[in-house]
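Undergrad: Attaching a single structure in structure tokens format; questions to follow.
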Amino acid sequence: MAALATLILLLPLVGAIVAMSVPRRAPERSVGALTTGVVGASFALAVAAFVVLLHHQHREVSVHLFTWISVGSLHVPASLLVDPLSITMALFVTGISALIHLYSIGYMHGERDFRKFFVYLNLFVFSMLVLVLSGTLVMTFVGWEGVGACSYWLVSYYFDRDSAASAGKKAFLYNRVGDVGLLLAMFLLFSRLHTLSYLGVFSRAGQLSPTVATLVVLALLLAATGKSAQIPLFNWLPDAMEGPTPVSALIHAATMVTAGVYLLVRMSPVLALSSSGRLTIAIIGGATAFVAATIATAQRDIKKVLAFSTVSQIGYMVLAVGVGAYSAAIFLMVAHAFYKALLFLGAGSVIHSLHGEQDLGRMGGLARFLPLTFPTFLVAWLAIAGIPPFAGFFAKGDVLTNAYLHDKALWALGVVTAVLTAYYMSRLFVLCFRGDERFREVTHGADPHESPWVMTLPLVVLAVLAALGGIIDLPWAHGRSLATFLHPVLGYVAPVAGATTATQWALAAVDVAAAVVGLAAAYSVWSSRSSDPRYEWPFLARVWHWDDAYDTVLGRPLTRVAGVSEAVVEPRVIDGAVAAVAGAARRSALGLRKAQSGFVRHYALATALGLCVIVVYLVARVS
Amino acid sequence: MHSSWYLAALLVVPLLGALGALGAARTRDGAYRVAVGASVVELALALVVAFLYDPHVPGAHTLDFATRHVLAAPFGLAYDVGLDGISLLLVVLTSLVLCLALLGARERRREPAFVAWMLVLTACTMGSFLAQDGLEFFVFFELTLVPSYFIVAEWGGAERARAALKFFVYTFTGSAALLVGLIYLAVAHQNQVGGALTFAFSALAATTLSHGTAVWLFAAFAVAFAVKSPIWPLHTWSPLAYAEAPTGGSIELSALLAKLGSYGLLRLAVGLLPLALVDVRPVLLTLAVIGVIYGSFVACATPDLKRLVAYSSLAQMGFVTLGVMSGSAIATEGALLLMFNHGVITAGFFLLIGFIERRRASYRISDLSGLQGPAPVLAALFTVVMMASIGLPGLSGFVSEYLILIGTFATHAWWAAFATLGVLASAAYLLWAFQRVFHGRAQGPNENLEDARPAERWVMVPVVVLVVALGVFPQPVLNRIAPSVHQLVAHEIAAVHP
């Protein structure tokens, strides 16, 4: 197991290093094959590790790699923890990454920095694996920051575009705010428990006072809101769509942005100690799901709709964590990875066929021209909308059932969000694939073409997964489901009375009804028009003025503070005070004026000469 | 115990190199070659010493290579050198920085004099880090002023005269307080135990002082070291000096001489006067945190790259001061590591800025744009150094910053919590500057900027290697410095909580 886990982790790193060292003019094909191959191999090994773990008596395997930092009482080994949770994450991360690597070979064909793109992509997979496989919080932080850096490089990949450069910086800085949360959580835990390994923290978590436990949970939540784009730090994600579309699919939909949810689930034994902390998490998740869904209804850029949809879906996951339904959160995370990656890759295929056009107003009627993109996108649409029997129905249903049992208000919010979800996705689907052909201007009258096989194959595989993904955790398949697999490593939250079968059926019926309502509403509005300000409220299109508010409250005042510090405080106040002291000293020392030639070099020489005299004296004495 | 001749050689080689360089001034490139040769020998010697260092010599308190010769008994002047874990990294840094500055920032105008001053500066700095005697330390510490003054004043930019004057006056004033404090302490020691006047650290540390006296002496020491470090608000000489100095001088001033301040604070102030810590600790911790935050703010608004690095150094040295004053062994080790890492990272920054200045004759941010297009390698090198400075895990800056913050949090949680905001701020000013300089479309003369030449790439190799190696495998280094740090911190704790 140790060798397997190490190899899973190291293969993408090796791929990145090799790809970095091949000559710049190396053929695209070999760079693509190498980097895709290592991630595919990593996935195969993850499958093997999964099988081995299934037959292990003890399903928590620690792997010590080397001593990274050890000072006094602080021991931070580079170590891995292979358990049901981390292997589940590793499986879907490597699997989806391999597909998206393959897709990128086609999508990035002919780009100037083709090789660099794949180096970053491999580095990203390595960092993500460090994050999920790590055995200590510190190593998780290594991966956590690593994926943030890769995200920065990939978002600002088209660096000569100012918007891309700014978006990359914004993503990094918003994430850093979250990182401060994770750092503080670690500092608190270490100062109380003197360990930062997961197993150590879990076994000693009982020593935390309720206040400290709540503080730790809130700090972790801050970390999660940064990485997973939740209120109040969610607005970097839509900007991050400046990156190439495969990056949006991999990093900003399927994997990296779910890291915050993973962290919270991983730390669930600590979450278990603070009910107020969990309630805060649930409220943040529910609110984000709702707010982002409303915004998604009014976006015109196909990728922006999907970005807000991602924020909203992760909101559901965070809500699930808050109500203690950790396995539901992971279930939705996996299912979401399938259909959201598919949606982004499908959108990428559309954008590719329209020479980079992203405006929904200039699409329409594409179903006819994209024979593989269209049906796969259809599956993804139905999956995210929550139509049975696709994966989204079961996963979202699991979250909502748990929310219902915990708090009816949060459940109601979740159902409203489900209506909105079905609405904005159907709007996108209709505007893109149905209705009039509004793209002729973009393509200069030509017909759009379907993408090459390297791009459509991943679409097909993901469509199958999005359609059938629900089977990993069917509500009636107890004993062999994801929930039972994960259960031993999750924090214990006192169960609310389980749902009766009748309740479950009733809740499922509500979910389906919500999906149908949203779908029908979107069809009736959007199948006959491509734009209508009555249904695209500017307040929503402007993201509830969230960015404007940050700019007014934080951005501009802080820039002013910086400007004033540099232009006034530094030269006038601080330097001025020193000059005043020096001036007073000079006036009081007028008597010494004659010795002062005014040339510092003379003092400097005097210092040197004086020391020379001393040295000569000493040499004379010694000899 | 290893022979003290190793340390004597470390002091003599650069001086011989300086003489040799002046002697070879007639031949073309002669002075430069001699200087580079001397600096390489010095670096090799420093690495050998660091490798040989044995922290467990019986009865030597983690000191190795130690020797003491009294030179002038009435004045208490002695040649007293030794190496322990606290000096170890700084000795390596001193020789490394010299190599980088000579190889990466060649100064062709009046070259023999320039390289000679650089070598003399190295010898003086080396002496300060090796001295185990207060007076000897002071002499070396003070002597560093002479070469650095001439380097700024002779080879600097347009405002070099003002910069050199300000630098000299600031530092000289600070040192005066240090000298008075040292003499007071030594005399107090002599009055207590009798015998000859001595400035040996080991003797001075045993002086019994009243609480009030300890605080006053600490303040006198701290002023000198706060100027050098620099610690807010005594930093205003540094942006001007760093910006006006020639690239080699900027590297020496920021990467190396600044460390004399934090080293002195740890070795002399904290080491000799732990009694004062109860009172001065909150003050210095607060100044450190202000430095971190204030430095970051000014760095955001500053118009040129050299000043940006100067204010970033103010913030980084704030972290060092935090660790030095924390009373935590973890944070103190982090501070020592950060002194080294910051030295390497800053040297990297100034080298790269020097490369840009060589091409564009400017390091103003507004003159530069879109450099990543024409110069991808330069941009990549800058990215590595920048990410190390931001504290990206896996690179060196993270390990040191993390140790400082987690250690300080355990002893002084609030200061550490505020300083953690600096982690966010450093990303803000560096990424913003990077965006303005390297991202976007290259305009005007930036369009055809030449990418890094082979020689420029080679000189950056050690920087990149150290940044990665100390990020991934810091433990061998931490192991070597740990015994001395633990001894010092134990001494400190014993004095504060008797």
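Ligands are numbered from 1 in the order shown, residues from 1 within each chain, and chains are lettered A, B, ... in the order they appear in the structure tokens.
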Using only C-alpha atoms, I'd like a table of the residues in chain A that come within 6 Å of chain B; for each, show the closest atom pair and its distance in Å rounded to one decimal, ordered by chain and ascending number, as a Markdown table.

TA:
| residue | atom | partner | partner_atom | distance |
| --- | --- | --- | --- | --- |
| A:Ile69 | CA | B:Gln475 | CA | 5.6 |
| A:Val71 | CA | B:Ile330 | CA | 5.9 |
| A:Val142 | CA | B:Pro393 | CA | 5.1 |
| A:Phe159 | CA | B:His439 | CA | 5.2 |
| A:Asp160 | CA | B:Gly440 | CA | 3.9 |
| A:Arg161 | CA | B:Gly440 | CA | 5.5 |
| A:Asp162 | CA | B:Gly440 | CA | 5.3 |
| A:Arg176 | CA | B:Leu424 | CA | 5.7 |
| A:Phe187 | CA | B:Ile406 | CA | 5.4 |
| A:Ser191 | CA | B:Ala410 | CA | 5.1 |
| A:Ala562 | CA | B:Phe297 | CA | 4.7 |
| A:Gly563 | CA | B:Ala301 | CA | 5.4 |
| A:Ser565 | CA | B:Val298 | CA | 5.8 |
| A:Glu566 | CA | B:Val298 | CA | 4.9 |
| A:Ala604 | CA | B:Val146 | CA | 5.3 |

Undergrad: Please, which residues of region 34-184 of chain B, numbered as in this document, come out alpha helix (DSSP H) from DSSP, as a tab-separated table (two decimals) with N, CA and C atoms, in the first residue's frame?

TA:
chain	number	residue	atom	x	y	z
B	34	VAL	N	40.44	37.81	-9.60
B	34	VAL	CA	40.96	37.53	-8.26
B	34	VAL	C	39.81	37.57	-7.25
B	35	ALA	N	38.95	38.56	-7.37
B	35	ALA	CA	37.86	38.69	-6.41
B	35	ALA	C	36.92	37.49	-6.49
B	36	VAL	N	36.59	37.09	-7.70
B	36	VAL	CA	35.69	35.94	-7.84
B	36	VAL	C	36.37	34.70	-7.26
B	37	GLY	N	37.67	34.56	-7.55
B	37	GLY	CA	38.40	33.41	-7.00
B	37	GLY	C	38.33	33.41	-5.48
B	38	ALA	N	38.62	34.57	-4.88
B	38	ALA	CA	38.60	34.65	-3.42
B	38	ALA	C	37.21	34.33	-2.89
B	39	SER	N	36.19	34.82	-3.58
B	39	SER	CA	34.83	34.59	-3.06
B	39	SER	C	34.45	33.12	-3.17
B	40	VAL	N	34.93	32.45	-4.22
B	40	VAL	CA	34.62	31.03	-4.35
B	40	VAL	C	35.34	30.24	-3.26
B	41	VAL	N	36.62	30.58	-3.01
B	41	VAL	CA	37.35	29.91	-1.93
B	41	VAL	C	36.63	30.13	-0.61
B	42	GLU	N	36.21	31.37	-0.39
B	42	GLU	CA	35.51	31.71	0.86
B	42	GLU	C	34.23	30.88	1.01
B	43	LEU	N	33.50	30.75	-0.08
B	43	LEU	CA	32.25	29.98	-0.01
B	43	LEU	C	32.54	28.52	0.28
B	44	ALA	N	33.55	27.97	-0.42
B	44	ALA	CA	33.91	26.58	-0.18
B	44	ALA	C	34.31	26.39	1.28
B	45	LEU	N	35.10	27.32	1.79
B	45	LEU	CA	35.55	27.24	3.17
B	45	LEU	C	34.35	27.30	4.13
B	46	ALA	N	33.42	28.19	3.85
B	46	ALA	CA	32.25	28.33	4.72
B	46	ALA	C	31.43	27.04	4.71
B	47	LEU	N	31.32	26.44	3.54
B	47	LEU	CA	30.55	25.19	3.46
B	47	LEU	C	31.26	24.07	4.23
B	48	VAL	N	32.59	24.02	4.11
B	48	VAL	CA	33.34	23.02	4.87
B	48	VAL	C	33.11	23.22	6.36
B	49	VAL	N	33.23	24.47	6.80
B	49	VAL	CA	33.04	24.76	8.22
B	49	VAL	C	31.64	24.36	8.67
B	50	ALA	N	30.64	24.70	7.85
B	50	ALA	CA	29.26	24.36	8.22
B	50	ALA	C	29.07	22.86	8.28
B	51	PHE	N	29.78	22.16	7.40
B	51	PHE	CA	29.65	20.70	7.36
B	51	PHE	C	30.34	20.08	8.57
B	52	LEU	N	31.52	20.62	8.93
B	52	LEU	CA	32.30	20.05	10.03
B	52	LEU	C	31.67	20.36	11.40
B	85	GLY	N	25.28	27.26	16.33
B	85	GLY	CA	24.15	27.13	15.42
B	85	GLY	C	23.54	28.47	15.04
B	86	ILE	N	23.75	29.48	15.91
B	86	ILE	CA	23.13	30.77	15.62
B	86	ILE	C	23.89	31.51	14.52
B	87	SER	N	25.22	31.31	14.49
B	87	SER	CA	26.03	31.97	13.45
B	87	SER	C	26.11	31.17	12.17
B	88	LEU	N	25.91	29.87	12.30
B	88	LEU	CA	26.23	28.94	11.21
B	88	LEU	C	25.66	29.36	9.86
B	89	LEU	N	24.34	29.54	9.82
B	89	LEU	CA	23.70	29.86	8.54
B	89	LEU	C	24.16	31.21	8.02
B	90	LEU	N	24.41	32.14	8.95
B	90	LEU	CA	24.77	33.49	8.52
B	90	LEU	C	26.17	33.52	7.94
B	91	VAL	N	27.04	32.66	8.45
B	91	VAL	CA	28.39	32.57	7.89
B	91	VAL	C	28.31	32.08	6.45
B	92	VAL	N	27.49	31.06	6.22
B	92	VAL	CA	27.32	30.56	4.85
B	92	VAL	C	26.70	31.65	3.98
B	93	LEU	N	25.70	32.32	4.54
B	93	LEU	CA	25.03	33.37	3.76
B	93	LEU	C	26.00	34.47	3.35
B	94	THR	N	26.88	34.85	4.27
B	94	THR	CA	27.84	35.93	3.98
B	94	THR	C	28.66	35.61	2.74
B	95	SER	N	29.19	34.39	2.70
B	95	SER	CA	30.05	34.05	1.57
B	95	SER	C	29.22	33.83	0.30
B	96	LEU	N	28.04	33.28	0.47
B	96	LEU	CA	27.18	33.03	-0.69
B	96	LEU	C	26.76	34.33	-1.37
B	97	VAL	N	26.35	35.28	-0.54
B	97	VAL	CA	25.88	36.55	-1.08
B	97	VAL	C	26.99	37.26	-1.83
B	98	LEU	N	28.21	37.16	-1.32
B	98	LEU	CA	29.34	37.78	-2.02
B	98	LEU	C	29.49	37.19	-3.42
B	99	CYS	N	29.46	35.86	-3.47
B	99	CYS	CA	29.58	35.19	-4.77
B	99	CYS	C	28.49	35.66	-5.74
B	100	LEU	N	27.26	35.66	-5.26
B	100	LEU	CA	26.15	36.04	-6.13
B	100	LEU	C	26.31	37.48	-6.60
B	101	ALA	N	26.69	38.36	-5.68
B	101	ALA	CA	26.80	39.77	-6.04
B	101	ALA	C	27.91	39.99	-7.05
B	102	LEU	N	29.03	39.29	-6.87
B	102	LEU	CA	30.14	39.49	-7.81
B	102	LEU	C	29.79	38.91	-9.18
B	103	LEU	N	29.19	37.71	-9.17
B	103	LEU	CA	28.94	37.04	-10.44
B	103	LEU	C	27.75	37.62	-11.19
B	104	GLY	N	26.74	38.07	-10.43
B	104	GLY	CA	25.50	38.47	-11.09
B	104	GLY	C	25.36	39.96	-11.29
B	111	GLU	N	36.54	49.08	-11.32
B	111	GLU	CA	36.23	47.75	-10.80
B	111	GLU	C	37.14	47.29	-9.65
B	112	PRO	N	38.46	47.50	-9.74
B	112	PRO	CA	39.31	47.01	-8.65
B	112	PRO	C	38.88	47.54	-7.29
B	113	ALA	N	38.60	48.84	-7.22
B	113	ALA	CA	38.19	49.41	-5.93
B	113	ALA	C	36.87	48.80	-5.48
B	114	PHE	N	35.95	48.64	-6.43
B	114	PHE	CA	34.64	48.10	-6.08
B	114	PHE	C	34.76	46.70	-5.47
B	115	VAL	N	35.46	45.81	-6.18
B	115	VAL	CA	35.53	44.44	-5.67
B	115	VAL	C	36.31	44.41	-4.36
B	116	ALA	N	37.31	45.29	-4.21
B	116	ALA	CA	38.07	45.31	-2.96
B	116	ALA	C	37.15	45.69	-1.80
B	117	TRP	N	36.34	46.72	-2.00
B	117	TRP	CA	35.40	47.09	-0.93
B	117	TRP	C	34.44	45.96	-0.62
B	118	MET	N	33.97	45.29	-1.66
B	118	MET	CA	33.03	44.18	-1.43
B	118	MET	C	33.69	43.10	-0.57
B	119	LEU	N	34.97	42.82	-0.87
B	119	LEU	CA	35.65	41.78	-0.10
B	119	LEU	C	35.91	42.22	1.34
B	120	VAL	N	36.27	43.48	1.50
B	120	VAL	CA	36.48	43.98	2.86
B	120	VAL	C	35.17	43.91	3.65
B	121	LEU	N	34.11	44.29	2.99
B	121	LEU	CA	32.79	44.22	3.64
B	121	LEU	C	32.49	42.80	4.10
B	122	THR	N	32.82	41.84	3.24
B	122	THR	CA	32.58	40.44	3.60
B	122	THR	C	33.39	40.05	4.83
B	123	ALA	N	34.65	40.47	4.87
B	123	ALA	CA	35.48	40.12	6.02
B	123	ALA	C	34.89	40.71	7.30
B	124	CYS	N	34.44	41.97	7.23
B	124	CYS	CA	33.89	42.61	8.43
B	124	CYS	C	32.61	41.91	8.88
B	125	THR	N	31.75	41.58	7.91
B	125	THR	CA	30.50	40.92	8.27
B	125	THR	C	30.79	39.55	8.88
B	126	MET	N	31.72	38.84	8.24
B	126	MET	CA	32.10	37.53	8.74
B	126	MET	C	32.58	37.66	10.19
B	127	GLY	N	33.40	38.67	10.42
B	127	GLY	CA	33.90	38.89	11.77
B	127	GLY	C	32.79	39.11	12.77
B	128	SER	N	31.77	39.88	12.37
B	128	SER	CA	30.66	40.12	13.31
B	128	SER	C	29.96	38.82	13.67
B	129	PHE	N	29.81	37.94	12.69
B	129	PHE	CA	29.07	36.71	12.98
B	129	PHE	C	29.92	35.70	13.75
B	130	LEU	N	31.25	35.83	13.65
B	130	LEU	CA	32.11	34.86	14.33
B	130	LEU	C	32.51	35.33	15.72
B	134	GLY	N	31.92	40.99	22.95
B	134	GLY	CA	31.12	42.16	22.66
B	134	GLY	C	31.89	43.26	21.95
B	135	LEU	N	33.12	43.55	22.43
B	135	LEU	CA	33.88	44.64	21.84
B	135	LEU	C	34.32	44.28	20.42
B	136	GLU	N	34.76	43.04	20.28
B	136	GLU	CA	35.19	42.58	18.97
B	136	GLU	C	34.01	42.64	17.99
B	137	PHE	N	32.84	42.20	18.46
B	137	PHE	CA	31.65	42.29	17.64
B	137	PHE	C	31.42	43.73	17.22
B	138	PHE	N	31.53	44.64	18.20
B	138	PHE	CA	31.26	46.03	17.89
B	138	PHE	C	32.21	46.57	16.83
B	139	VAL	N	33.49	46.21	16.96
B	139	VAL	CA	34.47	46.72	16.00
B	139	VAL	C	34.11	46.27	14.59
B	140	PHE	N	33.84	44.99	14.44
B	140	PHE	CA	33.49	44.47	13.11
B	140	PHE	C	32.18	45.09	12.61
B	141	PHE	N	31.21	45.14	13.52
B	141	PHE	CA	29.89	45.68	13.19
B	141	PHE	C	30.02	47.11	12.67
B	142	GLU	N	30.87	47.89	13.36
B	142	GLU	CA	31.05	49.28	13.02
B	142	GLU	C	31.85	49.41	11.71
B	143	LEU	N	32.81	48.51	11.55
B	143	LEU	CA	33.66	48.58	10.36
B	143	LEU	C	32.88	48.30	9.07
B	145	LEU	N	30.40	49.58	8.17
B	145	LEU	CA	29.90	50.86	7.68
B	145	LEU	C	30.80	51.45	6.60
B	146	VAL	N	32.11	51.27	6.79
B	146	VAL	CA	33.06	51.95	5.91
B	146	VAL	C	32.91	51.47	4.46
B	147	PRO	N	33.11	50.16	4.22
B	147	PRO	CA	32.95	49.72	2.83
B	147	PRO	C	31.56	49.96	2.28
B	148	SER	N	30.52	49.75	3.11
B	148	SER	CA	29.17	49.91	2.53
B	148	SER	C	28.92	51.38	2.21
B	149	TYR	N	29.47	52.28	3.04
B	149	TYR	CA	29.32	53.70	2.71
B	149	TYR	C	29.95	54.00	1.35
B	150	PHE	N	31.16	53.53	1.15
B	150	PHE	CA	31.84	53.87	-0.11
B	150	PHE	C	31.16	53.21	-1.31
B	151	ILE	N	30.65	52.00	-1.10
B	151	ILE	CA	29.98	51.33	-2.22
B	151	ILE	C	28.75	52.13	-2.66
B	152	VAL	N	27.98	52.62	-1.69
B	152	VAL	CA	26.79	53.40	-2.06
B	152	VAL	C	27.21	54.76	-2.63
B	153	ALA	N	28.15	55.41	-1.96
B	153	ALA	CA	28.49	56.78	-2.33
B	153	ALA	C	29.23	56.87	-3.67
B	154	GLU	N	30.02	55.86	-4.01
B	154	GLU	CA	30.82	55.94	-5.22
B	154	GLU	C	30.13	55.32	-6.44
B	155	TRP	N	29.41	54.22	-6.21
B	155	TRP	CA	28.87	53.50	-7.37
B	155	TRP	C	27.35	53.58	-7.45
B	160	ARG	N	22.88	59.18	-4.83
B	160	ARG	CA	23.73	58.34	-4.00
B	160	ARG	C	24.30	59.08	-2.79
B	161	ALA	N	24.60	60.36	-2.97
B	161	ALA	CA	25.22	61.10	-1.86
B	161	ALA	C	24.26	61.18	-0.67
B	162	ARG	N	23.02	61.56	-0.97
B	162	ARG	CA	22.03	61.67	0.10
B	162	ARG	C	21.78	60.31	0.76
B	163	ALA	N	21.69	59.27	-0.09
B	163	ALA	CA	21.42	57.94	0.42
B	163	ALA	C	22.54	57.49	1.35
B	164	ALA	N	23.79	57.71	0.90
B	164	ALA	CA	24.92	57.25	1.70
B	164	ALA	C	25.00	58.01	3.02
B	165	LEU	N	24.74	59.31	2.94
B	165	LEU	CA	24.78	60.12	4.17
B	165	LEU	C	23.74	59.64	5.17
B	166	LYS	N	22.55	59.46	4.68
B	166	LYS	CA	21.46	59.06	5.56
B	166	LYS	C	21.77	57.70	6.20
B	167	PHE	N	22.23	56.79	5.36
B	167	PHE	CA	22.60	55.46	5.83
B	167	PHE	C	23.65	55.56	6.92
B	168	PHE	N	24.68	56.38	6.67
B	168	PHE	CA	25.79	56.48	7.61
B	168	PHE	C	25.34	57.08	8.93
B	169	VAL	N	24.61	58.19	8.85
B	169	VAL	CA	24.23	58.90	10.06
B	169	VAL	C	23.31	58.03	10.93
B	170	TYR	N	22.34	57.43	10.30
B	170	TYR	CA	21.42	56.54	11.02
B	170	TYR	C	22.19	55.47	11.77
B	171	THR	N	23.00	54.71	11.01
B	171	THR	CA	23.65	53.55	11.59
B	171	THR	C	24.65	53.97	12.65
B	172	PHE	N	25.37	55.07	12.36
B	172	PHE	CA	26.39	55.53	13.29
B	172	PHE	C	25.77	55.94	14.62
B	173	THR	N	24.65	56.64	14.54
B	173	THR	CA	23.96	57.05	15.77
B	173	THR	C	23.52	55.85	16.57
B	174	GLY	N	22.94	54.88	15.87
B	174	GLY	CA	22.50	53.67	16.56
B	174	GLY	C	23.67	52.99	17.25
B	175	SER	N	24.79	52.90	16.55
B	175	SER	CA	25.94	52.20	17.10
B	175	SER	C	26.47	52.87	18.35
B	176	ALA	N	26.37	54.20	18.40
B	176	ALA	CA	26.87	54.91	19.58
B	176	ALA	C	26.18	54.41	20.83
B	177	ALA	N	24.86	54.22	20.73
B	177	ALA	CA	24.11	53.72	21.88
B	177	ALA	C	24.61	52.32	22.24
B	178	LEU	N	24.88	51.52	21.22
B	178	LEU	CA	25.34	50.16	21.47
B	178	LEU	C	26.67	50.17	22.22
B	179	LEU	N	27.59	51.03	21.80
B	179	LEU	CA	28.91	51.07	22.42
B	179	LEU	C	28.81	51.47	23.89
B	180	VAL	N	28.01	52.50	24.15
B	180	VAL	CA	27.84	52.94	25.54
B	180	VAL	C	27.27	51.79	26.37
B	181	GLY	N	26.27	51.12	25.83
B	181	GLY	CA	25.65	50.02	26.55
B	181	GLY	C	26.64	48.91	26.84
B	182	LEU	N	27.45	48.58	25.83
B	182	LEU	CA	28.42	47.48	26.00
B	182	LEU	C	29.43	47.81	27.08
B	183	ILE	N	29.94	49.05	27.03
B	183	ILE	CA	30.96	49.44	28.02
B	183	ILE	C	30.34	49.42	29.43
B	184	TYR	N	29.12	49.92	29.54
B	184	TYR	CA	28.46	49.92	30.84
B	184	TYR	C	28.35	48.49	31.38
